[in-house]
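Asker: This one is my_file_8.csv, CSV, C-alpha atoms.
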chain,number,residue,atom,x,y,z
E,1,MET,CA,-26.1,3.8,-4.8
E,2,SER,CA,-23.2,6.0,-6.1
E,3,GLY,CA,-20.7,6.3,-3.2
E,4,ALA,CA,-23.2,5.3,-0.6
E,5,GLY,CA,-21.6,4.7,2.8
E,6,PHE,CA,-18.5,6.7,2.1
E,7,GLU,CA,-19.9,10.2,1.6
E,8,ASN,CA,-19.0,11.3,5.1
E,9,LEU,CA,-15.6,9.6,5.3
E,10,LYS,CA,-12.5,11.8,5.8
E,11,ALA,CA,-9.4,10.3,4.3
E,12,LEU,CA,-5.7,11.2,4.6
E,13,ILE,CA,-3.1,10.1,1.9
E,14,VAL,CA,0.5,10.2,3.0
E,15,GLU,CA,2.7,9.5,0.0
E,16,ASP,CA,5.8,11.3,-1.4
E,17,ASN,CA,5.0,10.5,-5.0
E,18,ALA,CA,2.6,12.9,-6.6
E,19,HIS,CA,1.4,10.4,-9.2
E,20,MET,CA,0.5,7.8,-6.6
E,21,ARG,CA,-1.2,10.5,-4.5
E,22,SER,CA,-3.3,11.4,-7.5
E,23,LEU,CA,-4.2,7.8,-8.3
E,24,LEU,CA,-5.1,7.0,-4.7
E,25,ARG,CA,-7.3,10.1,-4.6
E,26,ALA,CA,-9.0,9.1,-7.8
E,27,LEU,CA,-9.7,5.6,-6.5
E,28,LEU,CA,-11.1,7.0,-3.2
E,29,ASN,CA,-13.3,9.4,-5.3
E,30,SER,CA,-14.6,6.4,-7.2
E,31,ILE,CA,-16.1,4.9,-4.0
E,32,GLY,CA,-17.5,8.2,-3.0
E,33,VAL,CA,-14.9,9.6,-0.6
E,34,LYS,CA,-14.7,13.3,-1.3
E,35,ASP,CA,-13.0,14.8,1.8
E,36,ILE,CA,-9.3,13.8,1.2
E,37,ALA,CA,-6.2,15.5,2.6
E,38,GLU,CA,-2.7,14.8,1.3
E,39,ALA,CA,0.7,14.9,2.8
E,40,ALA,CA,4.1,14.1,1.3
E,41,HIS,CA,5.6,12.6,4.4
E,42,GLY,CA,4.8,11.7,8.0
E,43,GLN,CA,5.5,15.0,9.7
E,44,THR,CA,3.0,16.9,7.6
E,45,ALA,CA,0.6,14.0,8.0
E,46,ILE,CA,0.7,14.4,11.8
E,47,GLU,CA,0.0,18.1,11.5
E,48,LEU,CA,-3.0,17.3,9.2
E,49,LEU,CA,-4.3,14.7,11.7
E,50,ARG,CA,-4.2,17.4,14.4
E,51,GLU,CA,-6.0,20.0,12.2
E,52,ARG,CA,-8.7,17.8,10.9
E,53,LYS,CA,-10.4,14.5,11.8
E,54,SER,CA,-9.4,11.6,9.6
E,55,ASP,CA,-11.3,8.3,9.5
E,56,LEU,CA,-8.9,6.4,7.2
E,57,VAL,CA,-5.2,6.8,6.4
E,58,LEU,CA,-3.4,5.5,3.4
E,59,SER,CA,0.4,5.8,3.9
E,60,ASP,CA,3.5,5.0,1.9
E,61,LEU,CA,6.4,3.4,3.7
E,62,ALA,CA,9.5,5.0,2.4
E,63,MET,CA,9.4,8.8,2.8
E,64,LYS,CA,11.6,11.6,4.0
E,65,PRO,CA,12.1,13.1,6.6
E,66,MET,CA,9.5,10.9,8.4
E,67,ASP,CA,8.7,7.5,6.9
E,68,GLY,CA,5.5,5.5,7.2
E,69,LEU,CA,6.7,3.3,10.1
E,70,GLU,CA,7.7,6.3,12.3
E,71,PHE,CA,4.4,8.0,11.4
E,72,THR,CA,2.4,4.9,12.4
E,73,ARG,CA,4.3,4.5,15.6
E,74,TYR,CA,3.6,8.2,16.5
E,75,VAL,CA,-0.1,7.8,15.7
E,76,ARG,CA,-0.4,4.6,17.8
E,77,ASN,CA,1.8,5.5,20.7
E,78,HIS,CA,2.4,9.2,21.2
E,79,GLU,CA,0.6,10.8,24.0
E,80,ASN,CA,-0.4,13.7,21.7
E,81,SER,CA,-1.7,11.4,19.0
E,82,PRO,CA,-5.0,12.8,17.8
E,83,ASN,CA,-6.5,9.3,17.1
E,84,PRO,CA,-4.5,6.2,18.1
E,85,PHE,CA,-7.2,3.9,16.7
E,86,VAL,CA,-7.4,5.4,13.1
E,87,PRO,CA,-7.1,2.6,10.5
E,88,ILE,CA,-3.8,2.8,8.6
E,89,ILE,CA,-3.4,1.0,5.3
E,90,MET,CA,0.3,0.9,4.4
E,91,ILE,CA,1.0,0.9,0.7
E,92,SER,CA,4.6,0.0,-0.3
E,93,GLY,CA,6.7,-1.5,-3.0
E,94,HIS,CA,9.0,-2.7,-0.2
E,95,THR,CA,7.4,-6.1,0.1
E,96,GLU,CA,10.3,-7.9,1.7
E,97,LYS,CA,9.1,-10.1,4.7
E,98,TYR,CA,11.1,-8.1,7.3
E,99,ARG,CA,9.6,-4.8,6.1
E,100,VAL,CA,6.0,-6.2,6.2
E,101,GLU,CA,6.7,-7.4,9.7
E,102,ALA,CA,8.1,-4.1,10.7
E,103,ALA,CA,4.9,-2.4,9.4
E,104,ARG,CA,2.8,-4.9,11.3
E,105,ASP,CA,4.8,-4.3,14.5
E,106,ALA,CA,4.5,-0.5,14.1
E,107,GLY,CA,0.7,-1.0,14.2
E,108,VAL,CA,-0.6,-0.7,10.7
E,109,THR,CA,-4.1,-2.1,10.1
E,110,GLU,CA,-3.5,-3.4,6.6
E,111,PHE,CA,-0.6,-3.8,4.2
E,112,LEU,CA,-1.0,-3.3,0.5
E,113,ALA,CA,1.9,-4.1,-1.9
E,114,LYS,CA,2.6,-1.9,-4.9
E,115,PRO,CA,1.7,-2.1,-7.8
E,116,ILE,CA,-1.8,-1.4,-6.6
E,117,THR,CA,-5.0,-2.1,-8.3
E,118,ALA,CA,-8.5,-0.9,-7.5
E,119,HIS,CA,-9.4,-4.4,-6.4
E,120,THR,CA,-6.6,-4.8,-3.9
E,121,LEU,CA,-7.2,-1.3,-2.4
E,122,PHE,CA,-10.9,-1.9,-2.1
E,123,SER,CA,-10.4,-5.3,-0.5
E,124,ARG,CA,-8.3,-3.7,2.2
E,125,ILE,CA,-10.9,-1.0,2.8
E,126,ALA,CA,-13.5,-3.7,2.9
E,127,GLU,CA,-11.6,-5.6,5.6
E,128,ILE,CA,-11.5,-2.4,7.7
E,129,VAL,CA,-15.2,-1.7,7.2
E,130,GLU,CA,-16.5,-5.2,7.5
E,131,ARG,CA,-14.2,-6.9,9.9
E,132,PRO,CA,-12.8,-4.3,12.3
E,133,ARG,CA,-10.0,-5.7,14.4
E,134,ALA,CA,-9.6,-5.6,18.2
E,135,PHE,CA,-6.8,-3.5,19.5
E,136,VAL,CA,-4.1,-4.9,21.8
E,137,ARG,CA,-2.3,-2.9,24.4
E,138,CYS,CA,0.8,-4.4,26.2
E,139,ASP,CA,4.2,-3.3,27.3
E,140,SER,CA,5.8,-3.5,23.8
E,141,TYR,CA,2.9,-2.9,21.5
E,142,PHE,CA,-0.3,-0.9,20.9
E,143,GLY,CA,-2.2,-1.5,17.7
E,144,PRO,CA,-4.6,-3.8,15.9
E,145,ASP,CA,-4.5,-7.4,17.0
E,146,ARG,CA,-1.8,-9.0,14.9
E,147,ARG,CA,-3.5,-12.4,15.0
E,148,ARG,CA,-5.9,-12.6,12.1
E,149,ARG,CA,-7.9,-15.5,13.6
E,150,ALA,CA,-8.6,-16.4,17.3
E,151,ILE,CA,-8.7,-20.1,17.7
E,152,GLU,CA,-10.6,-20.9,20.9
E,153,ASP,CA,-9.7,-24.5,21.2
E,154,TYR,CA,-6.1,-24.2,19.9
E,155,ALA,CA,-4.2,-27.3,21.0
E,156,GLY,CA,-1.0,-26.9,18.9
E,157,PRO,CA,2.5,-25.8,19.7
E,158,ARG,CA,2.8,-22.6,21.8
E,159,ARG,CA,5.5,-20.6,20.1
E,160,ARG,CA,5.6,-17.3,22.1
E,161,LYS,CA,8.8,-16.6,23.9
E,162,GLU,CA,7.0,-16.3,27.3
E,163,ASP,CA,5.1,-19.5,26.7
E,164,MET,CA,8.5,-21.3,26.2
E,165,GLN,CA,9.8,-19.8,29.4
E,166,GLU,CA,6.7,-21.1,31.3
E,167,VAL,CA,7.1,-24.6,29.9
E,168,ASP,CA,10.9,-24.6,30.5
E,169,ALA,CA,10.4,-23.5,34.1
E,170,ARG,CA,8.2,-26.6,34.9
U,171,MET,CA,10.4,-30.2,27.0
U,172,SER,CA,6.8,-30.4,25.7
U,173,LYS,CA,5.7,-27.5,23.4
U,174,ILE,CA,2.2,-28.8,23.3
U,175,ASN,CA,-0.6,-28.1,25.8
U,176,LYS,CA,-4.2,-27.1,25.8
U,177,ARG,CA,-4.1,-24.0,27.8
U,178,PRO,CA,-5.1,-20.7,26.1
U,179,PRO,CA,-2.3,-18.5,24.9
U,180,SER,CA,-0.8,-16.3,27.6
U,181,GLN,CA,-2.6,-13.1,28.2
U,182,LYS,CA,-0.3,-11.7,30.9
U,183,GLY,CA,-0.4,-7.9,30.9
U,184,VAL,CA,-2.3,-7.7,27.7
U,185,GLN,CA,-5.4,-5.6,27.3
U,186,LEU,CA,-7.7,-6.5,24.4
U,187,ILE,CA,-9.9,-3.6,23.2
U,188,ALA,CA,-12.9,-4.9,21.3
U,189,PRO,CA,-14.0,-3.2,18.1
U,190,ASP,CA,-17.2,-1.9,19.7
U,191,SER,CA,-15.1,-0.2,22.4
U,192,TYR,CA,-13.3,2.3,20.2
U,193,PRO,CA,-14.6,4.6,17.4
U,194,GLN,CA,-15.1,2.8,14.1
U,195,ILE,CA,-14.6,4.1,10.6
U,196,MET,CA,-18.4,4.3,10.2
U,197,GLY,CA,-21.6,3.1,11.8
U,198,ARG,CA,-23.1,-0.3,11.0
U,199,GLN,CA,-25.8,0.9,8.6
U,200,GLU,CA,-23.2,3.0,6.7
U,201,ALA,CA,-20.9,0.0,6.7
U,202,ALA,CA,-23.5,-2.2,5.1
U,203,ARG,CA,-24.1,0.4,2.4
U,204,ALA,CA,-20.3,0.9,2.0
U,205,MET,CA,-19.8,-2.8,1.3
U,206,LEU,CA,-22.5,-2.7,-1.4
U,207,THR,CA,-20.6,0.2,-2.9
U,208,LEU,CA,-17.3,-1.6,-2.8
U,209,ARG,CA,-18.7,-4.6,-4.6
U,210,SER,CA,-20.8,-2.8,-7.2
U,211,ALA,CA,-20.2,-2.9,-10.9
U,212,GLU,CA,-20.7,0.8,-11.0
U,213,THR,CA,-17.8,1.3,-8.6
U,214,ALA,CA,-15.6,-1.1,-10.6
U,215,ALA,CA,-16.3,0.9,-13.8
U,216,ARG,CA,-15.5,4.3,-12.1
U,217,ALA,CA,-12.3,2.8,-10.7
U,218,GLN,CA,-11.3,1.5,-14.1
U,219,VAL,CA,-11.8,5.0,-15.5
U,220,ALA,CA,-9.6,6.4,-12.7
U,221,MET,CA,-6.9,3.9,-13.3
U,222,GLU,CA,-6.8,4.5,-17.0
U,223,ALA,CA,-6.7,8.2,-16.6
U,224,ALA,CA,-3.6,7.8,-14.3
U,225,ILE,CA,-1.7,5.8,-16.9
U,226,PRO,CA,-0.3,8.5,-19.3
U,227,PRO,CA,1.2,10.7,-16.6
U,228,MET,CA,2.6,7.7,-14.8
U,229,ARG,CA,4.3,6.5,-18.0
U,230,ALA,CA,5.8,9.9,-18.6
U,231,ALA,CA,7.1,9.9,-15.0
U,232,ILE,CA,8.6,6.5,-15.4
U,233,LEU,CA,10.5,7.5,-18.5
U,234,GLN,CA,11.8,10.5,-16.5
U,235,TYR,CA,12.9,8.2,-13.7
U,236,VAL,CA,14.7,6.0,-16.3
U,237,ASP,CA,16.6,9.1,-17.4
U,238,GLU,CA,17.4,9.9,-13.8
U,239,MET,CA,18.5,6.3,-13.2
U,240,GLU,CA,20.9,6.4,-16.1
U,241,GLN,CA,22.4,9.7,-14.8
U,242,ALA,CA,22.8,8.2,-11.4
U,243,ALA,CA,25.2,5.5,-12.5
U,244,GLY,CA,27.7,5.1,-9.7
U,245,ASP,CA,25.4,6.6,-7.1
U,246,THR,CA,23.9,3.4,-5.8
U,247,ARG,CA,21.7,5.1,-3.2
U,248,LYS,CA,20.1,7.3,-5.8
U,249,LEU,CA,19.9,4.4,-8.2
U,250,PHE,CA,18.0,2.3,-5.6
U,251,GLU,CA,15.6,5.1,-4.8
U,252,THR,CA,14.8,5.6,-8.5
U,253,ALA,CA,14.4,1.9,-9.2
U,254,HIS,CA,12.1,1.7,-6.2
U,255,GLU,CA,9.9,4.4,-7.6
U,256,ILE,CA,9.8,2.6,-10.9
U,257,ARG,CA,8.8,-0.7,-9.4
U,258,GLY,CA,6.2,1.1,-7.4
U,259,PHE,CA,4.0,2.0,-10.3
U,260,ALA,CA,5.4,0.7,-13.6
U,261,GLU,CA,3.0,-2.2,-13.7
U,262,THR,CA,0.1,0.1,-12.8
U,263,ALA,CA,1.1,2.2,-15.8
U,264,GLY,CA,1.1,-0.9,-18.0
U,265,LEU,CA,4.9,-1.2,-18.2
U,266,ILE,CA,4.9,-4.8,-16.9
U,267,THR,CA,8.4,-5.9,-17.8
U,268,THR,CA,9.9,-2.7,-16.6
U,269,GLY,CA,8.3,-3.1,-13.2
U,270,ARG,CA,9.4,-6.7,-12.9
U,271,ILE,CA,13.1,-5.9,-13.7
U,272,ALA,CA,13.0,-3.0,-11.3
U,273,GLU,CA,11.6,-5.4,-8.6
U,274,ILE,CA,14.5,-7.8,-9.1
U,275,LEU,CA,17.0,-5.0,-8.9
U,276,CYS,CA,15.5,-3.6,-5.7
U,277,ARG,CA,15.4,-7.1,-4.1
U,278,TYR,CA,19.0,-7.7,-5.0
U,279,MET,CA,20.2,-4.3,-3.6
U,280,ASP,CA,18.0,-4.7,-0.5
U,281,ASP,CA,19.3,-8.2,0.3
U,282,MET,CA,23.0,-7.2,-0.3
U,283,THR,CA,22.6,-4.2,2.0
U,284,ARG,CA,20.9,-6.3,4.7
U,285,VAL,CA,23.7,-8.9,4.7
U,286,GLY,CA,26.4,-6.2,4.5
U,287,LYS,CA,27.9,-7.4,1.2
U,288,PRO,CA,29.1,-5.0,-1.5
U,289,PHE,CA,27.1,-4.7,-4.7
U,290,ASP,CA,28.2,-6.3,-7.9
U,291,THR,CA,28.3,-3.3,-10.1
U,292,ALA,CA,27.9,-5.4,-13.3
U,293,ILE,CA,24.6,-6.8,-11.9
U,294,ILE,CA,23.4,-3.3,-11.2
U,295,ALA,CA,24.5,-2.0,-14.6
U,296,LEU,CA,22.8,-4.9,-16.4
U,297,HIS,CA,19.5,-4.3,-14.6
U,298,ALA,CA,19.6,-0.5,-15.1
U,299,SER,CA,20.2,-1.0,-18.8
U,300,ALA,CA,17.4,-3.6,-19.0
U,301,ILE,CA,15.0,-1.3,-17.2
U,302,ALA,CA,15.7,1.5,-19.6
U,303,ARG,CA,15.4,-0.6,-22.7
U,304,ALA,CA,12.2,-2.3,-21.4
U,305,ALA,CA,10.6,1.0,-20.5
U,306,ARG,CA,11.3,2.6,-23.8
U,307,ALA,CA,10.3,-0.4,-25.8
U,308,GLU,CA,7.1,-0.9,-23.9
U,309,GLU,CA,6.3,2.8,-24.3
U,310,ASP,CA,7.0,2.6,-28.1
U,311,ASP,CA,4.8,-0.5,-28.3
U,312,VAL,CA,2.0,1.3,-26.5
U,313,ARG,CA,2.3,4.4,-28.8
U,314,MET,CA,2.4,2.2,-31.9
U,315,GLY,CA,-0.6,0.3,-30.7
U,316,GLU,CA,-2.5,3.6,-30.0
U,317,VAL,CA,-1.7,4.9,-33.5
U,318,VAL,CA,-2.8,1.7,-35.1
U,319,ALA,CA,-6.0,1.5,-33.1
U,320,ALA,CA,-6.9,5.1,-33.9
U,321,GLU,CA,-6.2,4.6,-37.6
U,322,LEU,CA,-8.3,1.4,-37.7
U,323,ALA,CA,-11.1,3.1,-35.8
U,324,ALA,CA,-11.1,6.0,-38.3
U,325,LEU,CA,-11.1,3.5,-41.3
U,326,VAL,CA,-14.1,1.6,-39.8
U,327,ALA,CA,-15.9,4.9,-39.1
U,328,ARG,CA,-15.4,6.1,-42.7
U,329,ARG,CA,-16.6,2.7,-44.1
U,330,LEU,CA,-19.7,2.7,-41.9
U,331,SER,CA,-20.5,6.3,-42.9
U,332,GLY,CA,-20.3,5.3,-46.6
U,333,THR,CA,-17.2,7.4,-47.3
U,334,PRO,CA,-14.8,5.6,-49.5
If you convert what's in this file into structure tokens, what do you get?
Answerer:
Amino acid sequence: MSGAGFENLKALIVEDNAHMRSLLRALLNSIGVKDIAEAAHGQTAIELLRERKSDLVLSDLAMKPMDGLEFTRYVRNHENSPNPFVPIIMISGHTEKYRVEAARDAGVTEFLAKPITAHTLFSRIAEIVERPRAFVRCDSYFGPDRRRRAIEDYAGPRRRKEDMQEVDAR
Amino acid sequence: MSKINKRPPSQKGVQLIAPDSYPQIMGRQEAARAMLTLRSAETAARAQVAMEAAIPPMRAAILQYVDEMEQAAGDTRKLFETAHEIRGFAETAGLITTGRIAEILCRYMDDMTRVGKPFDTAIIALHASAIARAARAEEDDVRMGEVVAAELAALVARRLSGTP
């Protein structure tokens, strides 16, 4: 069963710290991913995405000259993006709420807080494999559906700004 | 103004693209096999080996960051960047206390920057000093532990082989 299911997967690691890149590569190897490209920041990652197909991206947040948010926005929204739907797991020590929300709003698929463990990384990969999310396209956003659960018979408060405007207008 | 009603959430101008309408990371059969791989004991064992192999170079890197952090005294931007690197993988490298103190320092500096207030240099200096002491002490503990473990293992091996 060694590595079954992942043998054809192509991964891209975007991380400015060589030690973290090495650890992430080793963890991906341990589930059977062999084809792994590495970039130290977003700009190189975009070039690599153009040169070779990638099925999964693991990206750091804070990098120079292009950080993980800018990279994600490019992948999701730029007209020349090679794959706007590619799953992106953002891995960062910046776990403040506003940064996590910024990552979500940029269009990341999953967020993983450092320090990482094999268990937490694999659980994010499992989410992507087992429960792929719908994508949403609207004026202000393109990316994975930011709602984790769709509640068909939801009868609680409607908190979206446009919902409030509708109710106010009545 | 009532905020409660039973209409579905507004979908104006929103296009929902279902997972089966765009390319997935892998096919369904591969996904089923992949999930077994992710949950297998064999994978967990391989991952454990990978994590353990990463620890010595990470520890060395953290001690280097600690040196850089001490040299960066006064350069708060550099100090924040270095503390951020330390908090990123100190715990992965087994330097638990070091990682936690770096986390507190990063949160303090991040919050102060966000609200536009100046840093208290005493708080930063105290944290930087604590990070350095914790990293070196934890590293010493680990080295001491490794030496003791190796000596005990050698003693047991000698006894088991009948060597006095």
Asker: Can you pull out every residue within 9 Å of E:Leu12, counting all atoms listed in the file, but drop anything in the same chain fewer than 3 positions away, and send it as a PyMOL selection string?
Answerer: chain E and resi 35-39+45+48-49+54-59
Asker: Excluding stretch 196-210 of chain U and any residue of its chain fewer than 2 positions from it, enumerate the residues within 8 Å of it, using all atoms listed in the file, and give them as an NGL selection string.
Answerer: (:E and (1-6 or 9 or 31 or 122 or 126 or 129-130)) or (:U and (194 or 212-214))
Asker: Hey, can you spit out that residue selection with C-alpha atoms as a short mmCIF file (atom, residue, chain, number, x, y, z; two decimals), keeping the file's coordinate frame?
Answerer:
data_model
loop_
_atom_site.label_atom_id
_atom_site.label_comp_id
_atom_site.auth_asym_id
_atom_site.auth_seq_id
_atom_site.Cartn_x
_atom_site.Cartn_y
_atom_site.Cartn_z
CA MET E 1 -26.10 3.80 -4.80
CA SER E 2 -23.20 6.00 -6.10
CA GLY E 3 -20.70 6.30 -3.20
CA ALA E 4 -23.20 5.30 -0.60
CA GLY E 5 -21.60 4.70 2.80
CA PHE E 6 -18.50 6.70 2.10
CA LEU E 9 -15.60 9.60 5.30
CA ILE E 31 -16.10 4.90 -4.00
CA PHE E 122 -10.90 -1.90 -2.10
CA ALA E 126 -13.50 -3.70 2.90
CA VAL E 129 -15.20 -1.70 7.20
CA GLU E 130 -16.50 -5.20 7.50
CA GLN U 194 -15.10 2.80 14.10
CA GLU U 212 -20.70 0.80 -11.00
CA THR U 213 -17.80 1.30 -8.60
CA ALA U 214 -15.60 -1.10 -10.60
#
Asker: Counting only C-alpha atoms, which residue out of U:Thr246, U:Thr262, U:Thr283, U:Thr267 sits closest to chain E?
Answerer: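 The answer is U:Thr262, which sits nearest to chain E.
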Asker: Could you work out which residues of chain U fall inside 7 Å of chain E? Count all atoms listed in the file, and format the result as a tab-separated table (two decimals) with C-alpha atoms, in the coordinates of the input.
Answerer:
chain	number	residue	atom	x	y	z
U	171	MET	CA	10.40	-30.20	27.00
U	173	LYS	CA	5.70	-27.50	23.40
U	174	ILE	CA	2.20	-28.80	23.30
U	175	ASN	CA	-0.60	-28.10	25.80
U	176	LYS	CA	-4.20	-27.10	25.80
U	180	SER	CA	-0.80	-16.30	27.60
U	183	GLY	CA	-0.40	-7.90	30.90
U	184	VAL	CA	-2.30	-7.70	27.70
U	185	GLN	CA	-5.40	-5.60	27.30
U	186	LEU	CA	-7.70	-6.50	24.40
U	187	ILE	CA	-9.90	-3.60	23.20
U	188	ALA	CA	-12.90	-4.90	21.30
U	189	PRO	CA	-14.00	-3.20	18.10
U	195	ILE	CA	-14.60	4.10	10.60
U	200	GLU	CA	-23.20	3.00	6.70
U	201	ALA	CA	-20.90	0.00	6.70
U	203	ARG	CA	-24.10	0.40	2.40
U	204	ALA	CA	-20.30	0.90	2.00
U	205	MET	CA	-19.80	-2.80	1.30
U	207	THR	CA	-20.60	0.20	-2.90
U	208	LEU	CA	-17.30	-1.60	-2.80
U	213	THR	CA	-17.80	1.30	-8.60
U	216	ARG	CA	-15.50	4.30	-12.10
U	217	ALA	CA	-12.30	2.80	-10.70
U	220	ALA	CA	-9.60	6.40	-12.70
U	221	MET	CA	-6.90	3.90	-13.30
U	224	ALA	CA	-3.60	7.80	-14.30
U	228	MET	CA	2.60	7.70	-14.80
U	257	ARG	CA	8.80	-0.70	-9.40
U	258	GLY	CA	6.20	1.10	-7.40
U	259	PHE	CA	4.00	2.00	-10.30
U	261	GLU	CA	3.00	-2.20	-13.70
U	262	THR	CA	0.10	0.10	-12.80
Asker: Skip stretch 299-305 of chain U itself and residues of its chain fewer than 2 positions away, then list as a PyMOL selection string all residues within 9 Å of it, counting all atoms listed in the file.
Answerer: chain U and resi 229+232-233+236-237+239-240+253+260+265-272+294-297+307-310
Asker: Between atom CA of E:Ile13 and atom CA of E:Arg104, what is the distance, to one decimal in Å?
Answerer: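 Those two atoms sit 18.7 Å apart.
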Asker: Just the number, please: distance in Å from atom CA of E:Gly107 to atom CA of U:Lys248, one decimal.
Answerer: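 Computed distance, atom CA of E:Gly107 to atom CA of U:Lys248, equals 29.1 Å.
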Asker: Interatomic distance between atom CA of E:Asp60 and atom CA of U:Asp280?
Answerer: 17.6 Å
